[in-house]
Structure formats: structure tokens, C-alpha cells
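Structure data follow from my_file.txt (compact mmCIF, C-alpha atoms and all ligand atoms):
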# COMPACT_ATOMS: atom_id res chain seq x y z
CA MET A 1 212.42 94.30 123.75
CA LYS A 2 212.41 90.50 123.88
CA TYR A 3 210.09 88.39 126.03
CA ILE A 4 213.09 86.19 126.92
CA ASP A 5 216.55 87.15 125.66
CA LEU A 6 218.44 83.85 125.36
CA GLN A 7 221.25 85.48 123.39
CA LYS A 8 222.28 87.51 126.45
CA GLN A 9 222.83 84.27 128.34
CA TYR A 10 224.68 82.70 125.40
CA LYS A 11 227.05 85.66 125.06
CA ARG A 12 227.84 85.42 128.76
CA PHE A 13 228.72 81.72 128.74
CA LYS A 14 229.79 81.40 125.09
CA PRO A 15 233.26 79.94 125.72
CA ASP A 16 231.85 77.20 128.00
CA ILE A 17 228.92 76.36 125.73
CA ASP A 18 230.96 76.41 122.52
CA ALA A 19 233.64 74.17 124.07
CA ALA A 20 231.02 71.72 125.36
CA ILE A 21 229.39 71.42 121.91
CA GLN A 22 232.76 71.16 120.18
CA ALA A 23 233.76 68.28 122.48
CA VAL A 24 230.75 66.28 121.26
CA LEU A 25 231.53 67.10 117.63
CA ASP A 26 235.08 65.87 118.24
CA HIS A 27 234.25 62.56 119.93
CA GLY A 28 231.22 61.88 117.73
CA GLN A 29 229.08 59.92 120.23
CA PHE A 30 225.95 61.88 119.44
CA ILE A 31 223.58 59.37 121.04
CA MET A 32 224.23 58.15 124.60
CA GLY A 33 227.57 59.96 124.73
CA PRO A 34 229.40 60.53 128.03
CA GLU A 35 227.78 63.96 128.51
CA VAL A 36 224.37 62.34 129.01
CA ARG A 37 225.49 60.21 131.97
CA GLU A 38 227.50 63.07 133.45
CA LEU A 39 224.50 65.37 133.25
CA GLU A 40 222.26 62.69 134.80
CA ASP A 41 224.66 62.28 137.73
CA ARG A 42 224.97 66.01 138.31
CA LEU A 43 221.24 66.66 138.03
CA ALA A 44 220.42 63.76 140.38
CA ASP A 45 222.78 65.39 142.88
CA TYR A 46 221.30 68.84 142.34
CA VAL A 47 217.74 67.60 142.82
CA GLY A 48 218.71 65.27 145.67
CA VAL A 49 217.46 61.98 144.19
CA SER A 50 219.04 58.62 143.42
CA TYR A 51 218.30 58.68 139.68
CA CYS A 52 217.96 61.15 136.84
CA ILE A 53 217.24 59.88 133.33
CA GLY A 54 217.84 62.32 130.47
CA LEU A 55 215.00 62.44 127.92
CA SER A 56 214.09 63.97 124.59
CA SER A 57 211.58 66.50 126.03
CA GLY A 58 209.41 67.37 129.01
CA THR A 59 206.45 65.80 127.20
CA THR A 60 208.43 62.56 126.84
CA ALA A 61 209.23 62.73 130.56
CA LEU A 62 205.54 62.91 131.47
CA GLN A 63 204.66 60.15 129.01
CA VAL A 64 207.33 57.70 130.18
CA ALA A 65 206.61 58.46 133.85
CA LEU A 66 202.99 57.41 133.27
CA MET A 67 204.08 54.39 131.22
CA ALA A 68 206.49 53.30 133.96
CA LEU A 69 203.59 53.39 136.41
CA ASP A 70 201.51 51.28 133.96
CA VAL A 71 198.90 53.98 133.46
CA GLY A 72 196.57 53.03 130.61
CA PRO A 73 192.95 52.59 129.54
CA GLY A 74 190.53 52.62 132.47
CA ASP A 75 192.88 54.54 134.77
CA GLU A 76 192.31 58.04 136.10
CA VAL A 77 194.95 60.68 136.75
CA ILE A 78 194.06 63.63 138.97
CA THR A 79 195.60 66.83 137.67
CA THR A 80 195.11 70.56 137.16
CA PRO A 81 193.25 72.01 134.19
CA PHE A 82 195.52 75.10 134.28
CA SER A 83 198.66 73.99 132.48
CA PHE A 84 200.32 73.55 129.12
CA PHE A 85 198.48 71.05 126.90
CA ALA A 86 201.16 68.33 127.32
CA THR A 87 199.97 67.64 130.88
CA ALA A 88 196.59 66.34 129.72
CA GLU A 89 197.78 65.20 126.30
CA VAL A 90 200.03 62.41 127.57
CA ILE A 91 197.35 61.08 129.92
CA MET A 92 194.84 60.89 127.07
CA LEU A 93 197.36 59.51 124.57
CA LEU A 94 197.86 56.55 126.89
CA GLY A 95 194.10 55.98 127.00
CA ALA A 96 193.69 57.12 130.60
CA LYS A 97 191.37 59.89 131.79
CA PRO A 98 192.46 63.20 133.29
CA ILE A 99 190.32 64.08 136.29
CA TYR A 100 190.65 67.78 136.86
CA VAL A 101 190.41 69.57 140.16
CA ASP A 102 190.37 73.33 140.49
CA ILE A 103 193.39 75.41 141.48
CA ASP A 104 194.38 77.51 144.44
CA PRO A 105 193.50 81.14 143.62
CA LYS A 106 196.80 82.48 144.98
CA THR A 107 199.42 80.06 143.63
CA PHE A 108 197.40 78.78 140.60
CA ASN A 109 198.53 75.25 141.53
CA LEU A 110 196.37 72.18 142.12
CA ASN A 111 194.23 72.85 145.21
CA PRO A 112 195.06 69.93 147.53
CA THR A 113 191.88 70.35 149.57
CA LEU A 114 189.85 69.27 146.49
CA ILE A 115 191.84 66.13 145.67
CA GLU A 116 190.21 63.63 148.01
CA ALA A 117 186.74 64.21 146.60
CA ALA A 118 188.07 63.36 143.11
CA ILE A 119 189.61 60.00 144.07
CA THR A 120 187.81 56.90 142.80
CA ALA A 121 188.67 53.19 142.55
CA LYS A 122 190.19 54.00 139.13
CA THR A 123 192.60 56.68 140.35
CA LYS A 124 196.22 55.69 139.86
CA VAL A 125 198.23 58.90 139.93
CA ILE A 126 198.04 62.48 141.20
CA MET A 127 199.88 64.80 138.82
CA PRO A 128 200.37 68.35 140.14
CA VAL A 129 202.04 70.91 137.87
CA SER A 130 204.51 73.32 139.44
CA LEU A 131 203.16 76.29 137.53
CA TYR A 132 205.20 79.39 136.74
CA GLY A 133 208.10 78.03 138.85
CA GLN A 134 206.41 77.29 142.18
CA THR A 135 205.37 73.88 143.53
CA ALA A 136 201.95 72.91 144.82
CA ASP A 137 201.64 71.86 148.49
CA PHE A 138 203.53 68.58 148.21
CA ASP A 139 203.36 67.58 151.88
CA MET A 140 199.59 67.54 151.69
CA ILE A 141 199.49 65.89 148.25
CA ASN A 142 201.97 63.16 149.24
CA GLU A 143 200.06 62.49 152.44
CA ILE A 144 196.78 61.99 150.52
CA ALA A 145 198.57 59.83 147.93
CA ALA A 146 200.09 57.62 150.64
CA ARG A 147 196.71 57.16 152.32
CA TYR A 148 195.11 56.00 149.05
CA HIS A 149 198.19 54.10 147.75
CA LEU A 150 198.57 56.39 144.74
CA SER A 151 201.71 57.54 142.94
CA VAL A 152 202.54 61.22 142.46
CA ILE A 153 204.14 62.65 139.32
CA GLU A 154 205.36 66.25 139.55
CA ASP A 155 205.10 68.05 136.23
CA ALA A 156 208.23 70.06 137.00
CA ALA A 157 208.60 71.42 133.45
CA GLN A 158 208.55 75.03 134.68
CA ILE A 159 210.47 74.82 137.91
CA LEU A 160 213.95 73.30 137.88
CA GLY A 161 215.92 75.35 140.42
CA GLY A 162 212.92 76.19 142.63
CA THR A 163 212.44 74.73 146.12
CA TYR A 164 209.60 73.65 148.41
CA LYS A 165 210.31 73.94 152.16
CA GLY A 166 214.02 73.86 151.35
CA ARG A 167 213.72 70.74 149.18
CA PRO A 168 214.53 70.99 145.45
CA SER A 169 211.64 70.62 143.04
CA GLY A 170 211.74 67.52 140.86
CA GLY A 171 212.58 65.32 143.86
CA LEU A 172 209.35 65.76 145.81
CA SER A 173 207.31 62.83 144.51
CA THR A 174 207.37 59.32 143.00
CA ILE A 175 208.65 60.74 139.70
CA GLY A 176 209.53 64.35 138.84
CA CYS A 177 209.49 65.43 135.18
CA ALA A 178 211.58 68.34 133.91
CA SER A 179 211.63 70.14 130.56
CA PHE A 180 214.76 71.68 129.08
CA PHE A 181 212.89 73.59 126.36
CA PRO A 182 215.16 76.59 125.56
CA SER A 183 213.12 79.16 127.52
CA LYS A 184 212.84 77.07 130.70
CA PRO A 185 214.88 77.99 133.82
CA LEU A 186 217.42 75.35 132.69
CA GLY A 187 217.10 75.18 128.92
CA CYS A 188 219.08 73.50 126.15
CA TYR A 189 219.34 74.46 122.47
CA GLY A 190 216.61 72.17 121.21
CA ASP A 191 214.27 69.83 123.06
CA GLY A 192 215.20 67.97 126.22
CA GLY A 193 213.78 66.69 129.49
CA ALA A 194 214.44 64.40 132.44
CA CYS A 195 212.75 62.12 134.96
CA PHE A 196 213.87 62.07 138.60
CA THR A 197 213.13 59.27 141.04
CA ASN A 198 214.42 57.47 144.11
CA ASP A 199 212.83 54.18 143.04
CA ASP A 200 215.34 51.64 141.59
CA ALA A 201 212.72 49.66 139.66
CA LEU A 202 211.07 52.74 138.15
CA ALA A 203 214.44 54.16 137.07
CA GLU A 204 215.33 50.92 135.35
CA LYS A 205 211.94 50.71 133.66
CA ILE A 206 212.16 54.31 132.40
CA ARG A 207 215.61 53.57 130.93
CA LEU A 208 214.14 50.57 129.11
CA ILE A 209 211.09 52.46 127.84
CA ILE A 210 213.11 55.32 126.35
CA ASN A 211 215.33 52.94 124.41
CA HIS A 212 212.64 50.84 122.66
CA GLY A 213 212.39 48.39 125.57
CA GLN A 214 215.86 47.19 124.63
CA LYS A 215 217.57 45.28 127.46
CA ALA A 216 220.55 44.20 125.36
CA ARG A 217 221.32 45.18 121.75
CA TYR A 218 218.36 44.06 119.56
CA GLU A 219 216.78 42.27 122.52
CA HIS A 220 213.45 44.05 123.13
CA THR A 221 211.71 42.88 126.30
CA MET A 222 208.87 45.41 126.18
CA PHE A 223 207.37 48.12 123.96
CA GLY A 224 208.94 51.52 124.39
CA ILE A 225 209.77 54.62 122.42
CA ASN A 226 212.82 56.57 121.33
CA GLY A 227 212.87 59.09 124.17
CA ARG A 228 216.59 59.68 124.67
CA LEU A 229 218.32 62.99 125.34
CA ASP A 230 221.09 63.57 122.78
CA SER A 231 224.70 64.32 123.68
CA ILE A 232 224.85 67.87 122.28
CA GLN A 233 221.86 68.94 124.37
CA ALA A 234 223.39 67.27 127.43
CA ALA A 235 226.65 69.16 126.80
CA VAL A 236 224.80 72.50 126.60
CA LEU A 237 222.93 71.68 129.80
CA LEU A 238 226.13 70.72 131.63
CA ALA A 239 227.66 74.08 130.71
CA LYS A 240 224.56 75.98 131.83
CA LEU A 241 223.97 73.95 135.00
CA ASN A 242 227.06 75.55 136.56
CA TYR A 243 225.24 78.89 136.49
CA LEU A 244 221.72 77.76 137.45
CA PRO A 245 221.94 78.66 141.18
CA GLU A 246 223.24 82.13 140.29
CA GLU A 247 220.50 82.54 137.68
CA ILE A 248 217.80 81.54 140.17
CA THR A 249 219.08 84.31 142.45
CA LEU A 250 219.03 86.78 139.54
CA ARG A 251 215.45 85.72 138.80
CA GLN A 252 214.51 86.68 142.40
CA THR A 253 216.12 90.10 141.85
CA VAL A 254 214.17 90.74 138.64
CA ALA A 255 210.94 89.57 140.34
CA ASP A 256 211.60 91.83 143.34
CA GLN A 257 212.17 94.82 141.05
CA TYR A 258 208.93 94.17 139.17
CA LYS A 259 207.11 93.81 142.47
CA ARG A 260 208.48 97.09 143.76
CA TYR A 261 207.26 98.94 140.65
CA LEU A 262 203.97 97.11 140.17
CA SER A 263 202.46 95.96 143.43
CA ASP A 264 200.34 99.10 143.91
CA HIS A 265 198.86 98.77 140.42
CA VAL A 266 198.28 95.09 139.59
CA ILE A 267 198.29 91.74 141.41
CA THR A 268 201.89 90.49 141.36
CA PRO A 269 202.79 86.78 141.72
CA TYR A 270 202.21 85.20 145.13
CA VAL A 271 204.97 82.89 146.31
CA ALA A 272 204.16 80.84 149.44
CA PRO A 273 206.50 81.71 152.33
CA ASP A 274 208.29 78.33 152.29
CA ASN A 275 208.87 78.31 148.53
CA VAL A 276 211.54 79.67 146.21
CA SER A 277 210.09 80.21 142.75
CA ALA A 278 212.20 79.50 139.69
CA TYR A 279 210.07 82.17 137.96
CA ALA A 280 209.74 80.37 134.66
CA GLN A 281 207.18 83.12 134.08
CA TYR A 282 206.46 86.39 135.83
CA THR A 283 202.67 86.43 135.65
CA ILE A 284 200.54 89.29 136.89
CA GLN A 285 196.74 89.51 137.17
CA VAL A 286 194.66 92.38 135.82
CA ASP A 287 190.99 92.97 135.03
CA ASP A 288 191.36 94.16 131.43
CA ARG A 289 194.05 91.71 130.41
CA ASP A 290 193.46 91.76 126.65
CA VAL A 291 193.36 95.57 126.59
CA LEU A 292 196.64 95.76 128.51
CA LYS A 293 198.25 93.10 126.33
CA ALA A 294 197.33 94.95 123.13
CA ALA A 295 198.45 98.32 124.50
CA LEU A 296 201.82 96.89 125.59
CA ALA A 297 202.28 95.31 122.16
CA GLU A 298 201.74 98.76 120.61
CA GLN A 299 204.64 100.01 122.73
CA GLY A 300 206.83 97.11 121.50
CA ILE A 301 206.54 95.14 124.76
CA PRO A 302 205.83 91.44 124.17
CA THR A 303 203.75 89.49 126.67
CA ALA A 304 202.20 86.01 126.80
CA VAL A 305 199.12 84.39 128.28
CA HIS A 306 199.72 81.21 130.28
CA TYR A 307 196.98 80.05 129.65
CA PRO A 308 194.01 81.55 127.79
CA LYS A 309 191.71 78.60 128.60
CA GLY A 310 191.59 75.54 130.83
CA LEU A 311 192.65 72.15 129.49
CA HIS A 312 189.04 70.98 129.89
CA GLN A 313 188.09 73.67 127.34
CA GLN A 314 190.62 72.62 124.68
CA PRO A 315 188.82 71.25 121.61
CA ALA A 316 190.82 68.01 121.74
CA CYS A 317 189.80 67.36 125.34
CA VAL A 318 186.16 68.42 125.38
CA SER A 319 184.21 65.26 126.07
CA GLY A 320 180.68 66.47 126.64
CA ASP A 321 181.50 66.78 130.33
CA VAL A 322 180.31 70.22 131.38
CA ALA A 323 182.24 70.42 134.62
CA CYS A 324 183.48 73.89 135.37
CA TYR A 325 186.49 75.03 137.31
CA PRO A 326 185.66 78.60 138.34
CA VAL A 327 189.11 79.53 139.65
CA VAL A 328 190.76 78.34 136.42
CA GLU A 329 188.20 80.06 134.23
CA ALA A 330 188.65 83.36 136.10
CA ALA A 331 192.46 83.08 136.02
CA ALA A 332 192.45 82.39 132.27
CA GLN A 333 190.82 85.82 131.73
CA ARG A 334 193.21 87.69 134.02
CA VAL A 335 196.76 86.36 133.73
CA LEU A 336 199.50 88.09 131.76
CA SER A 337 203.15 87.02 131.69
CA LEU A 338 205.68 89.84 131.31
CA PRO A 339 209.14 89.87 129.71
CA PHE A 340 211.37 88.09 132.19
CA TYR A 341 214.83 86.49 132.24
CA PRO A 342 217.76 86.51 134.65
CA TYR A 343 219.79 89.12 132.74
CA MET A 344 216.97 91.62 132.23
CA ASP A 345 218.30 95.03 133.20
CA GLU A 346 216.51 97.43 135.48
CA ASP A 347 215.88 99.99 132.72
CA ASP A 348 213.83 97.43 130.79
CA ILE A 349 212.00 96.31 133.94
CA ARG A 350 211.15 99.94 134.70
CA LEU A 351 210.02 100.56 131.12
CA VAL A 352 207.61 97.60 131.23
CA ALA A 353 206.34 98.63 134.67
CA GLU A 354 205.86 102.30 133.73
CA ASN A 355 203.91 101.32 130.63
CA ILE A 356 201.68 99.01 132.66
CA CYS A 357 201.01 101.67 135.31
CA CYS A 358 200.27 104.27 132.65
CA ILE A 359 197.94 102.00 130.62
CA GLN A 360 196.18 100.77 133.77
CA THR A 361 195.57 104.36 134.87
CA ASP A 362 194.07 105.21 131.45
CA VAL A 363 191.86 102.10 131.56
CA LEU A 364 190.67 102.96 135.04
CA CYS A 365 189.84 106.51 133.94
C1 LIG B 401 203.72 72.54 132.49
C2 LIG B 401 204.37 71.95 131.29
N1 LIG B 401 204.33 70.61 131.11
C3 LIG B 401 204.93 70.02 130.06
C4 LIG B 401 205.60 70.77 129.12
C5 LIG B 401 206.21 70.08 127.93
O1 LIG B 401 207.60 70.24 127.89
P1 LIG B 401 208.37 70.11 126.48
O2 LIG B 401 208.05 71.33 125.67
O3 LIG B 401 209.82 70.05 126.87
O4 LIG B 401 207.90 68.88 125.84
C6 LIG B 401 205.67 72.16 129.25
C7 LIG B 401 206.37 72.97 128.24
O5 LIG B 401 206.13 74.13 128.07
C8 LIG B 401 205.05 72.77 130.37
O6 LIG B 401 205.09 74.09 130.55
Can the structure in the file be given as C-alpha cells, please?
Amino acid sequence: MKYIDLQKQYKRFKPDIDAAIQAVLDHGQFIMGPEVRELEDRLADYVGVSYCIGLSSGTTALQVALMALDVGPGDEVITTPFSFFATAEVIMLLGAKPIYVDIDPKTFNLNPTLIEAAITAKTKVIMPVSLYGQTADFDMINEIAARYHLSVIEDAAQILGGTYKGRPSGGLSTIGCASFFPSKPLGCYGDGGACFTNDDALAEKIRLIINHGQKARYEHTMFGINGRLDSIQAAVLLAKLNYLPEEITLRQTVADQYKRYLSDHVITPYVAPDNVSAYAQYTIQVDDRDVLKAALAEQGIPTAVHYPKGLHQQPACVSGDVACYPVVEAAAQRVLSLPFYPYMDEDDIRLVAENICCIQTDVLC
């Protein structure tokens, strides 16, 4: 069994994907080809924002979003310690300081009731991560940000296709940042990402930053990076975007089936009533996580841990600050992500669930 079977998706859409890649090979505009702008227009529409800028990865998206907001040394960014390393990495790379607040125990997202106490004169940005495919409480976060004149960056790497109160993720804040890493809900065949915004000036600045600050050819008005999305990845994404709404529905079906089999035995994912999760991961909670993980591996069932420790505990981030985030530290011991993808068939779902129930019963005995 595979944790995510991308080949099943490829076989299904092979003619579309092959034709899209072939078109780029034929026209030869590998950088800034027409597919990139077409994808940007279609994604901006999908997310309901004025601008989408295609980028080389989700990490690049976070980095250039912070750069566009002039985040640098001396600034603080409030974020969650329960995320992939990139969230904190880009803040620290730019010389700013991540200020962590603990997470909500049900959604595992930034707990908005703890944000205000973390705001100082140095705070510039609040950066919630939409973990596992579900957003944090954006109404509350945006309200706090507006009151303190702060910007909000959504780390939307795990959520494209999910919604918050009927509004698409990615378009809920000053800048939304998506990842198109192959296993993400919308994934390409390499690295890719995007920034979403309604702000004209920010969109223009992001476009400059990702092309070496180049306003006209060989005219560099600021320092930037090479952060562009390439045409082949854009072509793959265009082909797959047609099927994203259908795949999000299939993800709900797989999640519902898991829930039906598992909810009497383990804690299944909580999705807030107003949210649709993109289920980038299907993450359960159990007491003896490492025992269950090892026992499933023995049965040939792969699983993953998102994440085994908080960002504040990563060796690169440890700064002598002994703050603790009890909800994160408890979650890091208990979470286990199961095999999950839109085309997973019910026999496989049942097999995973039966193994979990059986192992859990043995552990309990
Ligand atoms: C929450 C989060 N942020 C950022 C990233 C970085 O995205 P990428 O791998 O496209 O650089 C990831 C990727 O896994 C992620 O899960």
C-alpha cells in the first residue's frame, strides 16, 4: 500500500497531462511561458482574489510574502510552532523572530485567543498555518490584525481547495501562500507554489522580487531572488486544476469512510462546522502512537507523523528560550497520518482501519 498513490491520479488524467507537457516542449518557452499566466489567472479566479503569482515552491511563497511586507531584522512574526519547518525557517532566514503561540487542541491550528498577549511593538505579521487542510479562525485573526495594524500571511501550503465559512482558502488574508509539492491537494511534478493577494502594490512587488528585482530587462531596481514557477509545472497544474473540485469531494468521501470505521477506536480529525477541509493529511490521535506506527509498518501500511516535535524544539531554532507549548507538545506525541488520497478505494481504507482497530485492542489489553 502507498501512503499517497500519485500514479493513480496520473493514469486517470494521463492524456490531459501528457498533452499539456508536450505543448510546452513544442513551444519551448520554459520560463515565463503562457501556461504560467493562464494558471495565475485561473487560480486567482478559483481563490477569489485579484492576483495570483506563480512561484518556485511553497517555501518561496512564504519568503517572498514576508519580503514584500518588508519583514527583516528586529521584526516579530506571530505563528504556530506546529508546522513544517519552512514556516519558521523563512522568518529566521530574513533575520526576523518567530513568536510562537500554542494551538487549538481540536483543530491543531493557531489558537486565536492567545494572539493578543503575544503582540509587541515589534510585531509585523501574524502567520497562521492551515494545517492538514483546514484553516484557523480567520475572522478572529483578521479582526485582531486590523486592530493592531498588522498584516496576515496564510501559510496555505496544505489547503488549496478547502474553504472557511464558504470562502476559499488562500484568499482570506493579506497574502496567501500555496505549495504545489507533488503530494499536496493540488500538486505539480516537481516544486511549485503561489502567492495570492488583493493588494495591487504587493502583487507588483512580489513579481519584482521573484525575478531578481528586474523592472525591465537588466534593470534591477531592488534585490530579489529567482522564485519563478516554470512553464512545465504550470502546464501540469492547469491540467490537474480542472479536477480539483471533484478531488476535494472525493477526499471528503475517503475521510467519511475512515471516520465511520475508526471513530469508536481513535480520535479522528475534527473539522469545524463552517469549514471544508482539503485533507492534505488524514491525521488521527492515539495514546501509543509509536507502537501503532510500528505495528502498521509491519503489516505493510505506511504512515507519517506531522509533526514529531514543535518548531521551537528543532535544533536550528532552539535559542535558549525555554517557553513551552503544552498543546503542541502533547499533539506531537499523539498524531499519526494515515494513507490518504482521493482515489483510495474502500478495500484499502477498510484494511487500514481494521489493522488499527485490531492493534489498538491488543495494546489496550
Ligand atoms: C505548512 C507548510 N508550509 C510550507 C511548506 C513548504 O512548501 P514547499 O515544499 O512547496 O516549499 C510545506 C510543505 O510541506 C508545508 O506543509
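Using all atoms listed in the file, the shortest contact distance between Val276 in chain A and any of A:Cys358, A:Ala255, A:Leu93, A:Ala203 is found at A:Ala255.
Of the listed residues A:Thr174, A:Gln281, A:Gln22, A:Thr113, the one whose atoms come nearest to ligand LIG 401 (chain B) is A:Gln281, with distances taken using all atoms listed in the file.
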Exercise for review: Would you kindly return, as a list in words, each protein, DNA or RNA residue with an atom no farther than 6 Å from any atom of Ile153 in chain A, considering only C-alpha atoms and excluding same-chain residues fewer than 2 positions away?
Suggested key: Met127, Thr174, Ile175 and Gly176 of chain A
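Residues of protein or nucleic acid lying within 6 Å of ligand LIG 401 (chain B), counting only C-alpha atoms and all ligand atoms, are Ser57, Gly58, Thr59, Ser83, Phe84, Ala86, Thr87, Val129, Asp155, Ala157, Gln158, Ser179, Phe180, Phe181, Asp191, Gly192 and Gly193 of chain A.
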How close does each residue of range 198-279 of chain A get to range 95-107 of chain A, giving the shortest atom pair and distance in Å to one decimal for every residue with an atom at most 9 Å away, counting all atoms listed in the file, sorted by chain and residue number, as CSV?
residue,atom,partner,partner_atom,distance
A:Pro269,CA,A:Thr107,CA,7.8
A:Tyr270,CA,A:Thr107,CA,6.0
A:Val271,CA,A:Thr107,CA,6.8
A:Ala272,CA,A:Thr107,CA,7.5
Practice item. Step by step: start from the point (215.1, 67.2, 146.7) in the file's coordinates, keep every protein, DNA or RNA residue that has an atom no farther than 12 Å from it, count all atoms listed in the file, and write the set as number ranges by chain. Key: A: 43-52, 138, 160-176, 196-198
Review point. Contacts of Leu250 in chain A at 8 Å or less, counting all atoms listed in the file, minus same-chain residues fewer than 4 places along, as a ChimeraX atom specification?
Key: /A:246,254,342-343
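By chain and then residue number, the residues within 7 Å of Val125 in chain A are Val77, Ile78, Thr123, Met127, Leu150, Ser151 and Val152 of chain A, counting all atoms listed in the file and disregarding those fewer than 2 positions away in sequence.
Compared by their closest atoms to Ile206 in chain A, and using all atoms listed in the file, the residues A:Gln285, A:Asp139, A:Ala304, A:Ile225 rank with A:Ile225 nearest.
Closest approach to Gln29 in chain A among A:Ala295, A:Ile232, A:Ile349, A:Ala330: A:Ile232, based on only C-alpha atoms.
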Distance cut-off 10 Å, centre (211.9, 60.5, 125.0) in file coordinates, counting all atoms listed in the file: which residues qualify? Return them as a PDB file with C-alpha atoms, in the coordinates of the input.
ATOM      1  CA  ILE A  53     217.240  59.880 133.330  1.00  0.00           C
ATOM      2  CA  GLY A  54     217.840  62.320 130.470  1.00  0.00           C
ATOM      3  CA  LEU A  55     215.000  62.440 127.920  1.00  0.00           C
ATOM      4  CA  SER A  56     214.090  63.970 124.590  1.00  0.00           C
ATOM      5  CA  SER A  57     211.580  66.500 126.030  1.00  0.00           C
ATOM      6  CA  GLY A  58     209.410  67.370 129.010  1.00  0.00           C
ATOM      7  CA  THR A  59     206.450  65.800 127.200  1.00  0.00           C
ATOM      8  CA  THR A  60     208.430  62.560 126.840  1.00  0.00           C
ATOM      9  CA  ALA A  61     209.230  62.730 130.560  1.00  0.00           C
ATOM     10  CA  LEU A  62     205.540  62.910 131.470  1.00  0.00           C
ATOM     11  CA  GLN A  63     204.660  60.150 129.010  1.00  0.00           C
ATOM     12  CA  VAL A  64     207.330  57.700 130.180  1.00  0.00           C
ATOM     13  CA  ASP A 191     214.270  69.830 123.060  1.00  0.00           C
ATOM     14  CA  GLY A 192     215.200  67.970 126.220  1.00  0.00           C
ATOM     15  CA  GLY A 193     213.780  66.690 129.490  1.00  0.00           C
ATOM     16  CA  ALA A 194     214.440  64.400 132.440  1.00  0.00           C
ATOM     17  CA  ILE A 206     212.160  54.310 132.400  1.00  0.00           C
ATOM     18  CA  ARG A 207     215.610  53.570 130.930  1.00  0.00           C
ATOM     19  CA  ILE A 209     211.090  52.460 127.840  1.00  0.00           C
ATOM     20  CA  ILE A 210     213.110  55.320 126.350  1.00  0.00           C
ATOM     21  CA  ASN A 211     215.330  52.940 124.410  1.00  0.00           C
ATOM     22  CA  HIS A 212     212.640  50.840 122.660  1.00  0.00           C
ATOM     23  CA  GLY A 224     208.940  51.520 124.390  1.00  0.00           C
ATOM     24  CA  ILE A 225     209.770  54.620 122.420  1.00  0.00           C
ATOM     25  CA  ASN A 226     212.820  56.570 121.330  1.00  0.00           C
ATOM     26  CA  GLY A 227     212.870  59.090 124.170  1.00  0.00           C
ATOM     27  CA  ARG A 228     216.590  59.680 124.670  1.00  0.00           C
ATOM     28  CA  LEU A 229     218.320  62.990 125.340  1.00  0.00           C
ATOM     29  CA  ASP A 230     221.090  63.570 122.780  1.00  0.00           C
TER      30      ASP A 230
END
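The gap separating CA of Thr283 in chain A from CA of Leu351 in chain A is 16.6 Å, in Å to one decimal.
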Study note, to complete from the structure: Residue with the minimum atom-to-atom distance to Leu69 in chain A, picked from A:Lys259, A:His220, A:Lys124, A:His27 with all atoms listed in the file counted, is A:Lys124
Review point. Pick from A:Ser337, A:Thr253, A:Ser277, A:Asn242: nearest to Ile301 in chain A, with only C-alpha atoms counted?
Key: A:Ser337
Could N, CA, C and O atoms be built for range 78-90 of chain A and written out as a CSV table (one decimal), in the frame of the given file?
chain,number,residue,atom,x,y,z
A,78,ILE,N,194.6,62.3,138.5
A,78,ILE,CA,194.1,63.6,139.0
A,78,ILE,C,195.1,64.7,138.7
A,78,ILE,O,196.3,64.6,139.0
A,79,THR,N,194.6,65.8,138.0
A,79,THR,CA,195.6,66.8,137.7
A,79,THR,C,194.9,68.2,137.6
A,79,THR,O,193.7,68.3,137.9
A,80,THR,N,195.7,69.2,137.3
A,80,THR,CA,195.1,70.6,137.2
A,80,THR,C,194.7,70.9,135.7
A,80,THR,O,195.4,70.5,134.8
A,81,PRO,N,193.6,71.6,135.6
A,81,PRO,CA,193.2,72.0,134.2
A,81,PRO,C,194.0,73.3,133.8
A,81,PRO,O,193.7,73.8,132.7
A,82,PHE,N,194.9,73.8,134.6
A,82,PHE,CA,195.5,75.1,134.3
A,82,PHE,C,197.0,74.8,134.0
A,82,PHE,O,197.8,74.9,134.9
A,83,SER,N,197.3,74.4,132.8
A,83,SER,CA,198.7,74.0,132.5
A,83,SER,C,198.8,74.0,131.0
A,83,SER,O,197.9,74.2,130.2
A,84,PHE,N,200.1,73.7,130.5
A,84,PHE,CA,200.3,73.6,129.1
A,84,PHE,C,199.7,72.2,128.7
A,84,PHE,O,199.5,71.3,129.5
A,85,PHE,N,199.3,72.2,127.4
A,85,PHE,CA,198.5,71.0,126.9
A,85,PHE,C,199.1,69.7,127.2
A,85,PHE,O,198.4,68.7,127.4
A,86,ALA,N,200.5,69.6,127.2
A,86,ALA,CA,201.2,68.3,127.3
A,86,ALA,C,200.7,67.6,128.6
A,86,ALA,O,200.7,66.3,128.6
A,87,THR,N,200.4,68.3,129.6
A,87,THR,CA,200.0,67.6,130.9
A,87,THR,C,198.8,66.7,130.7
A,87,THR,O,198.8,65.5,131.1
A,88,ALA,N,197.8,67.2,130.0
A,88,ALA,CA,196.6,66.3,129.7
A,88,ALA,C,196.8,65.4,128.5
A,88,ALA,O,196.3,64.3,128.5
A,89,GLU,N,197.6,65.9,127.6
A,89,GLU,CA,197.8,65.2,126.3
A,89,GLU,C,198.3,63.8,126.5
A,89,GLU,O,197.9,62.8,126.0
A,90,VAL,N,199.4,63.7,127.4
A,90,VAL,CA,200.0,62.4,127.6
A,90,VAL,C,199.1,61.4,128.3
A,90,VAL,O,199.1,60.2,128.0
